[in-house]
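**Q** Structure file work_15.pdb, PDB, C-alpha atoms and all ligand atoms, is pasted below:
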```pdb
MODEL        1
ATOM      1  CA  MET V   1      94.828  62.818-227.942
ATOM      2  CA  THR V   2      93.941  59.148-228.085
ATOM      3  CA  ASN V   3      90.457  57.818-227.803
ATOM      4  CA  GLU V   4      90.463  55.634-224.742
ATOM      5  CA  ILE V   5      88.164  52.672-224.921
ATOM      6  CA  LYS V   6      86.852  51.553-221.557
ATOM      7  CA  SER V   7      86.631  47.821-221.704
ATOM      8  CA  GLU V   8      86.472  46.757-218.054
ATOM      9  CA  LEU V   9      83.192  45.513-216.733
ATOM     10  CA  PRO V  10      81.595  47.404-213.852
ATOM     11  CA  ASP V  11      82.163  45.952-210.374
ATOM     12  CA  ILE V  12      80.024  42.896-209.986
ATOM     13  CA  GLU V  13      77.318  43.202-207.365
ATOM     14  CA  ILE V  14      75.858  39.992-206.008
ATOM     15  CA  PRO V  15      72.430  40.431-204.445
ATOM     16  CA  THR V  16      72.175  39.670-200.777
ATOM     17  CA  SER V  17      69.397  37.378-199.716
ATOM     18  CA  ARG V  18      66.171  39.109-198.761
ATOM     19  CA  THR V  19      63.597  36.347-199.015
ATOM     20  CA  PRO V  20      60.414  37.634-197.350
ATOM     21  CA  ARG V  21      58.314  35.316-195.174
ATOM     22  CA  ILE V  22      56.119  34.065-197.982
ATOM     23  CA  LEU V  23      55.818  30.413-196.910
ATOM     24  CA  PRO V  24      54.740  30.515-193.271
ATOM     25  CA  GLY V  25      53.776  27.100-191.901
ATOM     26  CA  GLN V  26      54.394  25.252-195.168
ATOM     27  CA  LYS V  27      56.093  21.867-195.019
ATOM     28  CA  ALA V  28      58.922  21.308-197.484
ATOM     29  CA  LEU V  29      61.089  18.355-198.417
ATOM     30  CA  VAL V  30      64.403  19.112-200.137
ATOM     31  CA  THR V  31      66.266  16.130-201.576
ATOM     32  CA  GLY V  32      70.048  16.274-201.619
ATOM     33  CA  ALA V  33      69.779  19.170-199.211
ATOM     34  CA  ASN V  34      73.102  19.069-197.395
ATOM     35  CA  SER V  35      75.277  20.605-200.091
ATOM     36  CA  GLY V  36      75.286  22.857-203.124
ATOM     37  CA  ILE V  37      72.016  24.083-204.592
ATOM     38  CA  GLY V  38      69.896  21.925-202.261
ATOM     39  CA  LYS V  39      71.422  23.601-199.231
ATOM     40  CA  GLY V  40      70.917  27.062-200.726
ATOM     41  CA  ILE V  41      67.262  26.275-201.362
ATOM     42  CA  ALA V  42      66.682  24.789-197.893
ATOM     43  CA  LEU V  43      68.015  27.993-196.322
ATOM     44  CA  GLU V  44      65.819  30.279-198.411
ATOM     45  CA  LEU V  45      62.715  28.162-197.726
ATOM     46  CA  ALA V  46      63.426  28.394-194.010
ATOM     47  CA  LYS V  47      63.877  32.172-194.251
ATOM     48  CA  ALA V  48      60.505  32.224-195.986
ATOM     49  CA  GLY V  49      58.999  30.412-192.975
ATOM     50  CA  ALA V  50      58.767  26.803-194.186
ATOM     51  CA  ASP V  51      59.583  23.744-192.073
ATOM     52  CA  VAL V  52      62.137  21.631-193.922
ATOM     53  CA  VAL V  53      63.090  17.961-194.192
ATOM     54  CA  VAL V  54      66.790  17.791-195.053
ATOM     55  CA  ASN V  55      67.296  14.663-197.153
ATOM     56  CA  TYR V  56      70.864  13.456-197.642
ATOM     57  CA  VAL V  57      72.881  10.324-198.425
ATOM     58  CA  VAL V  58      76.452  11.086-197.348
ATOM     59  CA  ASN V  59      77.942  13.466-194.748
ATOM     60  CA  PRO V  60      75.380  13.316-191.918
ATOM     61  CA  ASP V  61      77.322  16.027-190.053
ATOM     62  CA  THR V  62      76.684  18.639-192.710
ATOM     63  CA  ALA V  63      73.010  17.663-192.759
ATOM     64  CA  GLU V  64      72.763  18.088-188.964
ATOM     65  CA  ALA V  65      74.625  21.416-189.115
ATOM     66  CA  LEU V  66      72.176  22.631-191.742
ATOM     67  CA  VAL V  67      69.226  21.674-189.524
ATOM     68  CA  GLU V  68      70.701  23.871-186.785
ATOM     69  CA  ASP V  69      71.012  26.788-189.240
ATOM     70  CA  LEU V  70      67.434  26.305-190.426
ATOM     71  CA  LYS V  71      66.143  26.306-186.845
ATOM     72  CA  LYS V  72      67.810  29.701-186.329
ATOM     73  CA  GLU V  73      65.248  30.998-188.831
ATOM     74  CA  GLY V  74      62.522  29.994-186.374
ATOM     75  CA  VAL V  75      61.335  26.923-188.291
ATOM     76  CA  ASN V  76      61.311  23.213-187.621
ATOM     77  CA  ALA V  77      63.688  20.879-189.465
ATOM     78  CA  PHE V  78      65.052  17.351-189.341
ATOM     79  CA  THR V  79      67.389  15.169-191.401
ATOM     80  CA  PHE V  80      66.462  11.983-193.203
ATOM     81  CA  LYS V  81      68.942   9.700-194.918
ATOM     82  CA  ALA V  82      67.495   8.163-198.067
ATOM     83  CA  ASP V  83      68.700   7.282-201.531
ATOM     84  CA  VAL V  84      66.078   8.810-203.829
ATOM     85  CA  SER V  85      66.545   6.019-206.373
ATOM     86  CA  SER V  86      65.335   3.451-203.820
ATOM     87  CA  GLU V  87      61.550   3.115-203.809
ATOM     88  CA  ASP V  88      61.511   1.733-200.243
ATOM     89  CA  GLU V  89      63.695   4.489-198.829
ATOM     90  CA  VAL V  90      61.629   7.196-200.540
ATOM     91  CA  ILE V  91      58.401   5.742-199.146
ATOM     92  CA  GLN V  92      59.942   5.581-195.657
ATOM     93  CA  MET V  93      61.094   9.193-195.929
ATOM     94  CA  PHE V  94      57.643  10.470-196.842
ATOM     95  CA  GLY V  95      56.149   8.324-194.039
ATOM     96  CA  GLU V  96      58.482   9.945-191.506
ATOM     97  CA  MET V  97      57.690  13.395-192.847
ATOM     98  CA  PHE V  98      53.937  12.789-192.493
ATOM     99  CA  LYS V  99      54.460  11.488-188.959
ATOM    100  CA  ARG V 100      56.510  14.498-187.876
ATOM    101  CA  PHE V 101      55.118  17.352-190.000
ATOM    102  CA  GLY V 102      51.652  15.954-190.802
ATOM    103  CA  THR V 103      51.841  16.530-194.560
ATOM    104  CA  ILE V 104      53.848  18.008-197.447
ATOM    105  CA  ASP V 105      53.216  21.303-199.269
ATOM    106  CA  ILE V 106      56.464  21.714-201.237
ATOM    107  CA  LEU V 107      58.722  19.095-202.812
ATOM    108  CA  ILE V 108      62.101  20.273-204.082
ATOM    109  CA  ASN V 109      63.344  17.445-206.294
ATOM    110  CA  ASN V 110      67.001  18.390-206.176
ATOM    111  CA  ALA V 111      69.254  15.349-205.569
ATOM    112  CA  GLY V 112      71.502  14.817-208.559
ATOM    113  CA  LEU V 113      75.007  13.934-209.660
ATOM    114  CA  GLN V 114      77.355  13.710-212.627
ATOM    115  CA  ARG V 115      79.411  10.736-213.834
ATOM    116  CA  ASP V 116      81.103  12.225-216.881
ATOM    117  CA  SER V 117      82.655  10.196-219.685
ATOM    118  CA  PRO V 118      83.119  10.225-223.440
ATOM    119  CA  ILE V 119      80.278   8.196-224.904
ATOM    120  CA  GLU V 120      82.414   5.331-226.165
ATOM    121  CA  THR V 121      83.859   4.611-222.729
ATOM    122  CA  MET V 122      80.772   5.393-220.647
ATOM    123  CA  THR V 123      79.942   2.312-218.599
ATOM    124  CA  LEU V 124      76.432   1.040-218.078
ATOM    125  CA  GLU V 125      77.001   1.666-214.388
ATOM    126  CA  GLN V 126      77.775   5.364-215.028
ATOM    127  CA  TRP V 127      74.707   5.619-217.221
ATOM    128  CA  ASN V 128      72.397   3.858-214.760
ATOM    129  CA  LYS V 129      73.681   5.740-211.726
ATOM    130  CA  VAL V 130      72.931   9.137-213.249
ATOM    131  CA  ILE V 131      69.553   8.161-214.694
ATOM    132  CA  SER V 132      68.428   6.461-211.495
ATOM    133  CA  ILE V 133      69.332   9.313-209.120
ATOM    134  CA  ASN V 134      68.600  12.298-211.386
ATOM    135  CA  LEU V 135      65.490  11.036-213.175
ATOM    136  CA  THR V 136      63.996   7.992-211.448
ATOM    137  CA  GLY V 137      64.559   9.654-208.068
ATOM    138  CA  GLN V 138      62.560  12.694-209.185
ATOM    139  CA  PHE V 139      59.756  10.422-210.416
ATOM    140  CA  LEU V 140      59.571   8.471-207.136
ATOM    141  CA  CYS V 141      59.502  11.567-204.943
ATOM    142  CA  ALA V 142      56.992  13.353-207.205
ATOM    143  CA  ARG V 143      54.692  10.315-207.080
ATOM    144  CA  GLU V 144      54.680  10.172-203.283
ATOM    145  CA  ALA V 145      54.132  13.933-202.982
ATOM    146  CA  ILE V 146      51.253  13.923-205.461
ATOM    147  CA  LYS V 147      49.450  11.124-203.576
ATOM    148  CA  GLU V 148      49.490  13.292-200.469
ATOM    149  CA  PHE V 149      48.568  16.528-202.301
ATOM    150  CA  LYS V 150      45.514  14.798-203.789
ATOM    151  CA  ARG V 151      44.523  13.159-200.508
ATOM    152  CA  ARG V 152      44.687  16.439-198.592
ATOM    153  CA  GLY V 153      43.607  18.976-201.206
ATOM    154  CA  VAL V 154      43.805  22.731-200.796
ATOM    155  CA  LYS V 155      44.086  24.194-197.303
ATOM    156  CA  LYS V 156      43.273  27.846-197.948
ATOM    157  CA  GLU V 157      44.992  29.121-194.837
ATOM    158  CA  ILE V 158      48.279  27.531-196.024
ATOM    159  CA  SER V 159      48.290  28.012-199.810
ATOM    160  CA  CYS V 160      45.894  28.397-202.716
ATOM    161  CA  ALA V 161      47.491  25.331-204.326
ATOM    162  CA  ALA V 162      47.141  21.753-203.093
ATOM    163  CA  GLY V 163      50.889  21.334-203.485
ATOM    164  CA  LYS V 164      53.949  22.482-205.367
ATOM    165  CA  ILE V 165      56.723  20.427-206.963
ATOM    166  CA  ILE V 166      59.920  22.076-208.133
ATOM    167  CA  HIS V 167      62.227  19.886-210.191
ATOM    168  CA  ILE V 168      65.822  21.038-210.203
ATOM    169  CA  SER V 169      66.840  20.466-213.785
ATOM    170  CA  SER V 170      69.672  22.203-215.662
ATOM    171  CA  VAL V 171      70.394  24.304-218.711
ATOM    172  CA  HIS V 172      71.410  20.897-220.098
ATOM    173  CA  GLU V 173      67.765  19.975-220.492
ATOM    174  CA  VAL V 174      68.105  22.037-223.704
ATOM    175  CA  ILE V 175      71.864  22.516-224.248
ATOM    176  CA  PRO V 176      73.566  19.363-225.535
ATOM    177  CA  TRP V 177      76.745  18.612-223.559
ATOM    178  CA  ALA V 178      79.532  16.519-225.092
ATOM    179  CA  GLY V 179      81.050  14.089-222.621
ATOM    180  CA  HIS V 180      77.948  14.153-220.413
ATOM    181  CA  ALA V 181      75.379  12.099-222.356
ATOM    182  CA  ASN V 182      73.981  10.432-219.232
ATOM    183  CA  TYR V 183      73.559  13.767-217.415
ATOM    184  CA  ALA V 184      72.052  15.662-220.368
ATOM    185  CA  ALA V 185      69.674  12.745-221.063
ATOM    186  CA  SER V 186      68.559  12.755-217.406
ATOM    187  CA  LYS V 187      67.861  16.500-217.512
ATOM    188  CA  GLY V 188      66.059  16.316-220.854
ATOM    189  CA  GLY V 189      63.982  13.552-219.266
ATOM    190  CA  ILE V 190      63.207  15.757-216.279
ATOM    191  CA  MET V 191      61.824  18.407-218.614
ATOM    192  CA  MET V 192      59.215  16.067-220.103
ATOM    193  CA  LEU V 193      58.547  14.402-216.751
ATOM    194  CA  MET V 194      57.812  17.847-215.282
ATOM    195  CA  LYS V 195      55.602  19.001-218.163
ATOM    196  CA  THR V 196      53.675  15.744-218.317
ATOM    197  CA  ILE V 197      53.006  15.612-214.590
ATOM    198  CA  ALA V 198      52.075  19.302-214.635
ATOM    199  CA  GLN V 199      49.485  18.667-217.336
ATOM    200  CA  GLU V 200      48.169  15.609-215.499
ATOM    201  CA  VAL V 201      47.697  17.065-212.032
ATOM    202  CA  ALA V 202      46.946  20.731-212.742
ATOM    203  CA  PRO V 203      43.173  20.129-212.350
ATOM    204  CA  TYR V 204      43.861  19.151-208.730
ATOM    205  CA  ARG V 205      45.517  22.550-208.220
ATOM    206  CA  ILE V 206      48.958  21.049-207.994
ATOM    207  CA  ARG V 207      51.720  23.139-209.555
ATOM    208  CA  VAL V 208      54.731  21.428-211.113
ATOM    209  CA  ASN V 209      57.653  23.449-212.483
ATOM    210  CA  SER V 210      61.407  23.252-212.972
ATOM    211  CA  ILE V 211      64.260  25.525-212.112
ATOM    212  CA  SER V 212      67.065  25.019-214.606
ATOM    213  CA  PRO V 213      70.318  26.420-213.269
ATOM    214  CA  GLY V 214      73.374  27.244-215.347
ATOM    215  CA  ALA V 215      76.828  27.290-213.769
ATOM    216  CA  ILE V 216      76.350  27.706-210.033
ATOM    217  CA  ARG V 217      79.320  27.706-207.659
ATOM    218  CA  THR V 218      78.957  24.255-206.006
ATOM    219  CA  PRO V 219      81.069  21.135-205.454
ATOM    220  CA  ILE V 220      79.637  19.479-208.608
ATOM    221  CA  ASN V 221      81.597  21.816-210.913
ATOM    222  CA  THR V 222      84.612  22.982-208.855
ATOM    223  CA  LYS V 223      86.780  22.485-211.944
ATOM    224  CA  VAL V 224      85.153  25.340-213.841
ATOM    225  CA  TRP V 225      85.454  28.055-211.197
ATOM    226  CA  SER V 226      88.358  27.249-208.887
ATOM    227  CA  THR V 227      91.174  28.677-211.034
ATOM    228  CA  GLN V 228      91.250  32.067-212.743
ATOM    229  CA  GLU V 229      91.916  30.453-216.097
ATOM    230  CA  ALA V 230      88.920  28.129-215.814
ATOM    231  CA  TYR V 231      86.707  30.957-214.552
ATOM    232  CA  ASP V 232      87.651  33.225-217.474
ATOM    233  CA  LYS V 233      86.856  30.418-219.901
ATOM    234  CA  LEU V 234      83.509  29.831-218.173
ATOM    235  CA  MET V 235      82.645  33.529-218.575
ATOM    236  CA  GLU V 236      82.659  33.054-222.353
ATOM    237  CA  LEU V 237      79.512  30.974-221.821
ATOM    238  CA  ILE V 238      77.745  33.436-219.498
ATOM    239  CA  PRO V 239      76.577  36.751-221.002
ATOM    240  CA  TYR V 240      75.932  38.163-217.522
ATOM    241  CA  ARG V 241      79.627  37.560-216.729
ATOM    242  CA  ARG V 242      79.405  36.066-213.284
ATOM    243  CA  ILE V 243      78.980  32.597-211.900
ATOM    244  CA  GLY V 244      75.705  31.890-210.090
ATOM    245  CA  GLU V 245      75.546  31.451-206.328
ATOM    246  CA  VAL V 246      73.304  28.924-204.569
ATOM    247  CA  ASP V 247      71.090  31.628-203.120
ATOM    248  CA  ASP V 248      70.406  32.941-206.650
ATOM    249  CA  VAL V 249      68.600  29.627-207.091
ATOM    250  CA  GLY V 250      67.246  29.508-203.533
ATOM    251  CA  ARG V 251      65.419  32.823-203.799
ATOM    252  CA  VAL V 252      63.737  31.772-207.040
ATOM    253  CA  ALA V 253      62.691  28.463-205.475
ATOM    254  CA  ALA V 254      61.096  30.166-202.451
ATOM    255  CA  TRP V 255      59.193  32.563-204.698
ATOM    256  CA  LEU V 256      58.140  29.842-207.177
ATOM    257  CA  ALA V 257      56.826  27.710-204.308
ATOM    258  CA  SER V 258      54.817  30.623-202.922
ATOM    259  CA  ASP V 259      51.338  31.801-203.872
ATOM    260  CA  GLN V 260      52.958  34.826-205.520
ATOM    261  CA  ALA V 261      53.748  32.435-208.374
ATOM    262  CA  ASP V 262      50.334  30.694-208.284
ATOM    263  CA  TYR V 263      49.650  30.944-212.015
ATOM    264  CA  ILE V 264      52.993  29.445-213.061
ATOM    265  CA  ASN V 265      52.603  25.801-214.030
ATOM    266  CA  GLY V 266      54.550  23.465-216.311
ATOM    267  CA  THR V 267      57.438  25.851-216.927
ATOM    268  CA  SER V 268      61.234  25.776-216.667
ATOM    269  CA  ILE V 269      62.755  28.896-215.205
ATOM    270  CA  TYR V 270      66.356  29.262-216.345
ATOM    271  CA  VAL V 271      68.557  30.733-213.633
ATOM    272  CA  ASP V 272      71.681  30.917-215.738
ATOM    273  CA  GLY V 273      72.914  34.480-216.374
ATOM    274  CA  GLY V 274      71.911  33.991-220.005
ATOM    275  CA  MET V 275      73.783  30.737-220.663
ATOM    276  CA  THR V 276      70.854  29.533-222.789
ATOM    277  CA  LEU V 277      71.152  32.592-225.094
ATOM    278  CA  TYR V 278      73.664  30.944-227.491
ATOM    279  CA  PRO V 279      76.494  33.258-226.298
ATOM    280  CA  GLY V 280      78.694  32.246-229.273
ATOM    281  CA  PHE V 281      76.312  34.229-231.472
ATOM    282  CA  ALA V 282      77.028  37.478-229.627
ATOM    283  CA  THR V 283      79.892  37.921-232.054
ATOM    284  CA  GLY V 284      79.469  35.182-234.640
ATOM    285  CA  GLY V 285      76.812  33.953-237.018
TER
HETATM  286  C1  LIG L   1      76.151  21.106-214.231
HETATM  287  C2  LIG L   1      77.415  21.906-213.983
HETATM  288  C3  LIG L   1      77.669  22.871-215.118
HETATM  289  C4  LIG L   1      76.409  23.680-215.462
HETATM  290  C5  LIG L   1      76.597  24.552-216.697
HETATM  291  C6  LIG L   1      75.014  22.053-214.508
HETATM  292  O1  LIG L   1      73.824  21.362-214.692
HETATM  293  O2  LIG L   1      75.883  20.267-213.117
HETATM  294  O3  LIG L   1      78.512  21.033-213.827
HETATM  295  O4  LIG L   1      78.707  23.763-214.760
HETATM  296  O5  LIG L   1      75.326  22.808-215.660
HETATM  297  O6  LIG L   1      77.185  23.862-217.758
ENDMDL
END
```
Could I get this file's structure written as structure tokens?
**A**
Amino acid sequence: MTNEIKSELPDIEIPTSRTPRILPGQKALVTGANSGIGKGIALELAKAGADVVVNYVVNPDTAEALVEDLKKEGVNAFTFKADVSSEDEVIQMFGEMFKRFGTIDILINNAGLQRDSPIETMTLEQWNKVISINLTGQFLCAREAIKEFKRRGVKKEISCAAGKIIHISSVHEVIPWAGHANYAASKGGIMMLMKTIAQEVAPYRIRVNSISPGAIRTPINTKVWSTQEAYDKLMELIPYRRIGEVDDVGRVAAWLASDQADYINGTSIYVDGGMTLYPGFATGG
């Protein structure tokens, strides 16, 4: 008789979305909302009862289609085209939001991109593009949101906080990433931007946190999940042995924006299946 070793993993169950209505009447702005993680978050916020501004830069059709999906959740939504690295466009976007929704309760600072290159051939343009969208864009939007949070203050019937900012960062705020110096630098910058703003505005009852996703199945990283070979290689970096889905991030965002998470301030929540656990050390070291 041979001793059979069972090595297969159990069938992978992916949770289905069950976001309860924990954000009724709140007004949210999601940057870069018409694809990937931004879209996943916009949908979960709408399920939770928030009205949503869908910011986008390219593909107006997908932004409009998303607005229709959000409205099916019984909330209000509209699109606004703005490049978050442009101060004027950001100011116009907030102005339009205040005109149509009256105020802002939740900012999801999500818009971001990659322009990968080995360091010695990285152009200044690639560097500047990533820093200006990923980092400067988050600063500009946070600044406009905070002005409004402070002006309006707490409205008890809406939320016990005067406002909530969620920065969408990355595991690469702490994991160095060869070939992606601009991206990793932008995410490391987001971490200190988030913590510093959180410390500065906490006395006004404004909560500022980050969600730091690992590998989530979106267009930004198609290369790492679209073939079996690439997926298997990716799994070596994820102890939980599955890729993340956008609603894994969306559900956390809805909860973190809600009063259920009222005492969480100045923190990064890693939504990464354990990617930040130094998986190489599971067998080495
Ligand atoms: C990047 C993805 C990458 C993931 C894990 C994210 O921040 O945008 O391309 O797959 O980090 O490395």
**Q** Every residue with an atom at most 9 Å from (49.2, 28.3, -210.8) (file coordinates; only C-alpha atoms) is what I'm after, so could you write them as JSON, numbers by chain?
**A** {"V": [160, 161, 202, 205, 206, 207, 208, 259, 261, 262, 263, 264, 265]}
**Q** Select, from V:Gly284, V:Pro15, V:Pro60, V:Gly25, the residue with the minimum atom-to-atom distance to Ile106 of chain V, counting only C-alpha atoms.
**A** V:Gly25
**Q** Which chains and residue numbers are within 9 Å of ligand LIG 1 (chain L), counting only C-alpha atoms and all ligand atoms, if I want them as an MDAnalysis selection string?
**A** chainID V and resid 112:114 169:173 175 177 183:184 187 212:225 234 237 272 275
**Q** With distances taken over all atoms listed in the file, which of V:Val75, V:Leu124, V:Val53, V:Ile190 is nearest to Leu23 of chain V?
**A** V:Val75
**Q** Considering all atoms listed in the file, can you say which of V:Thr136, V:Asn109, V:Thr196, V:Asn59 comes closest to Ile168 of chain V?
**A**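 The closest residue to Ile168 of chain V is V:Asn109.
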**Q** Residue by residue, what does the PyMOL selection byres (((chain V and resi 74) around 9) and not hetatm) grab here? Present the result as a PDB file with C-alpha atoms, keeping the file's coordinate frame.
**A**
```pdb
ATOM      1  CA  ALA V  46      63.426  28.394-194.010  1.00  0.00           C
ATOM      2  CA  LYS V  47      63.877  32.172-194.251  1.00  0.00           C
ATOM      3  CA  GLY V  49      58.999  30.412-192.975  1.00  0.00           C
ATOM      4  CA  ASP V  51      59.583  23.744-192.073  1.00  0.00           C
ATOM      5  CA  LEU V  70      67.434  26.305-190.426  1.00  0.00           C
ATOM      6  CA  LYS V  71      66.143  26.306-186.845  1.00  0.00           C
ATOM      7  CA  LYS V  72      67.810  29.701-186.329  1.00  0.00           C
ATOM      8  CA  GLU V  73      65.248  30.998-188.831  1.00  0.00           C
ATOM      9  CA  VAL V  75      61.335  26.923-188.291  1.00  0.00           C
ATOM     10  CA  ASN V  76      61.311  23.213-187.621  1.00  0.00           C
TER      11      ASN V  76
END
```
**Q** Could you spell out the hits of the PyMOL selection byres (((chain V and resi 34-40) around 7) and not hetatm) on the shown file, as a VMD selection string?
**A** chain V and resid 30 to 33 41 to 44 54 56 62 to 63 66 110 218 to 219 246 to 247 249 to 250
**Q** Export C-alpha atoms of the chosen residues as a PDB file, keeping the file's coordinate frame?
**A**
```
ATOM      1  CA  VAL V  30      64.403  19.112-200.137  1.00  0.00           C
ATOM      2  CA  THR V  31      66.266  16.130-201.576  1.00  0.00           C
ATOM      3  CA  GLY V  32      70.048  16.274-201.619  1.00  0.00           C
ATOM      4  CA  ALA V  33      69.779  19.170-199.211  1.00  0.00           C
ATOM      5  CA  ILE V  41      67.262  26.275-201.362  1.00  0.00           C
ATOM      6  CA  ALA V  42      66.682  24.789-197.893  1.00  0.00           C
ATOM      7  CA  LEU V  43      68.015  27.993-196.322  1.00  0.00           C
ATOM      8  CA  GLU V  44      65.819  30.279-198.411  1.00  0.00           C
ATOM      9  CA  VAL V  54      66.790  17.791-195.053  1.00  0.00           C
ATOM     10  CA  TYR V  56      70.864  13.456-197.642  1.00  0.00           C
ATOM     11  CA  THR V  62      76.684  18.639-192.710  1.00  0.00           C
ATOM     12  CA  ALA V  63      73.010  17.663-192.759  1.00  0.00           C
ATOM     13  CA  LEU V  66      72.176  22.631-191.742  1.00  0.00           C
ATOM     14  CA  ASN V 110      67.001  18.390-206.176  1.00  0.00           C
ATOM     15  CA  THR V 218      78.957  24.255-206.006  1.00  0.00           C
ATOM     16  CA  PRO V 219      81.069  21.135-205.454  1.00  0.00           C
ATOM     17  CA  VAL V 246      73.304  28.924-204.569  1.00  0.00           C
ATOM     18  CA  ASP V 247      71.090  31.628-203.120  1.00  0.00           C
ATOM     19  CA  VAL V 249      68.600  29.627-207.091  1.00  0.00           C
ATOM     20  CA  GLY V 250      67.246  29.508-203.533  1.00  0.00           C
TER      21      GLY V 250
END
```
**Q** Which residues are close to Ile91 of chain V, i.e. within 12 Å by all atoms listed in the file, leaving aside same-chain residues fewer than 6 positions away? Reply as a PDB file with C-alpha atoms, keeping the file's coordinate frame.
**A**
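around-v5.pdb written:
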```
ATOM      1  CA  PHE V  80      66.462  11.983-193.203  1.00  0.00           C
ATOM      2  CA  ALA V  82      67.495   8.163-198.067  1.00  0.00           C
ATOM      3  CA  ASP V  83      68.700   7.282-201.531  1.00  0.00           C
ATOM      4  CA  VAL V  84      66.078   8.810-203.829  1.00  0.00           C
ATOM      5  CA  SER V  85      66.545   6.019-206.373  1.00  0.00           C
ATOM      6  CA  MET V  97      57.690  13.395-192.847  1.00  0.00           C
ATOM      7  CA  PHE V  98      53.937  12.789-192.493  1.00  0.00           C
ATOM      8  CA  GLY V 137      64.559   9.654-208.068  1.00  0.00           C
ATOM      9  CA  LEU V 140      59.571   8.471-207.136  1.00  0.00           C
ATOM     10  CA  CYS V 141      59.502  11.567-204.943  1.00  0.00           C
ATOM     11  CA  ALA V 142      56.992  13.353-207.205  1.00  0.00           C
ATOM     12  CA  ARG V 143      54.692  10.315-207.080  1.00  0.00           C
ATOM     13  CA  GLU V 144      54.680  10.172-203.283  1.00  0.00           C
ATOM     14  CA  ALA V 145      54.132  13.933-202.982  1.00  0.00           C
ATOM     15  CA  LYS V 147      49.450  11.124-203.576  1.00  0.00           C
ATOM     16  CA  GLU V 148      49.490  13.292-200.469  1.00  0.00           C
TER      17      GLU V 148
END
```
**Q** Could you tell me which of V:Ile158, V:Val67, V:Leu135, V:Leu45 comes closest to Ala185 of chain V if we count all atoms listed in the file?
**A** V:Leu135
**Q** Please measure the separation of atom CA of Ser117 of chain V and atom CA of Asn134 of chain V, giving the value in Å to one decimal.
**A**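 Interatomic distance, atom CA of Ser117 of chain V to atom CA of Asn134 of chain V: 16.5 Å.
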**Q** What gap, in Å, lies between atom CA of Ile243 of chain V and atom CA of Ile211 of chain V?
**A**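 Atom CA of Ile243 of chain V sits 16.3 Å away from atom CA of Ile211 of chain V.
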**Q** Which is closest to Gly189 of chain V among V:Gln138, V:Gln228, V:Gly102, V:Ile269, if we use only C-alpha atoms?
**A** V:Gln138
**Q** I'd like the box whose edges run along x, y and z of the file and which contains every listed atom of segment 234-249 of chain V, padded by 4 Å per side; could you state its centre and edge lengths in Å, one decimal, as JSON?
**A**
```
{"center_x": 76.1, "center_y": 33.5, "center_z": -212.7, "size_x": 22.9, "size_y": 17.2, "size_z": 27.2}
```
**Q** Which residue is closest to Trp127 of chain V? Choose from V:Lys27, V:Arg115, V:Glu68, V:Pro20 and count all atoms listed in the file.
**A**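 The shortest atom-to-atom distance to Trp127 of chain V comes from V:Arg115.
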**Q** What is the distance, in Å and to one decimal place, between atom CA of Ile197 of chain V and atom CA of Leu256 of chain V?
**A**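 Spanning atom CA of Ile197 of chain V to atom CA of Leu256 of chain V is a straight-line distance of 16.8 Å.
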**Q** Given the PyMOL selection byres (((chain V and resi 14) around 12) and not hetatm) and the file above, list the residues it selects as a list of chain:residue names.
**A**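 Checking the PyMOL selection byres (((chain V and resi 14) around 12) and not hetatm) against this file, the residues are V:Asp11, V:Ile12, V:Glu13, V:Pro15, V:Thr16, V:Ser17, V:Tyr240, V:Arg241, V:Arg242, V:Ile243, V:Gly244, V:Glu245, V:Val246, V:Asp247, V:Asp248.
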**Q** Would you export the selected residues with C-alpha atoms as a compact mmCIF listing (two decimals), keeping the file's coordinate frame, please?
**A**
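File part.txt, as written:
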```
# COMPACT_ATOMS: atom_id res chain seq x y z
CA ASP V 11 82.16 45.95 -210.37
CA ILE V 12 80.02 42.90 -209.99
CA GLU V 13 77.32 43.20 -207.36
CA PRO V 15 72.43 40.43 -204.44
CA THR V 16 72.18 39.67 -200.78
CA SER V 17 69.40 37.38 -199.72
CA TYR V 240 75.93 38.16 -217.52
CA ARG V 241 79.63 37.56 -216.73
CA ARG V 242 79.40 36.07 -213.28
CA ILE V 243 78.98 32.60 -211.90
CA GLY V 244 75.70 31.89 -210.09
CA GLU V 245 75.55 31.45 -206.33
CA VAL V 246 73.30 28.92 -204.57
CA ASP V 247 71.09 31.63 -203.12
CA ASP V 248 70.41 32.94 -206.65
```
**Q** Please provide the set of residues having any atom within 8 Å of segment 279-281 of chain V, restricted to only C-alpha atoms, with same-chain residues fewer than 2 positions apart removed, written as number ranges by chain.
**A** V: 236-239, 274-277, 283-285
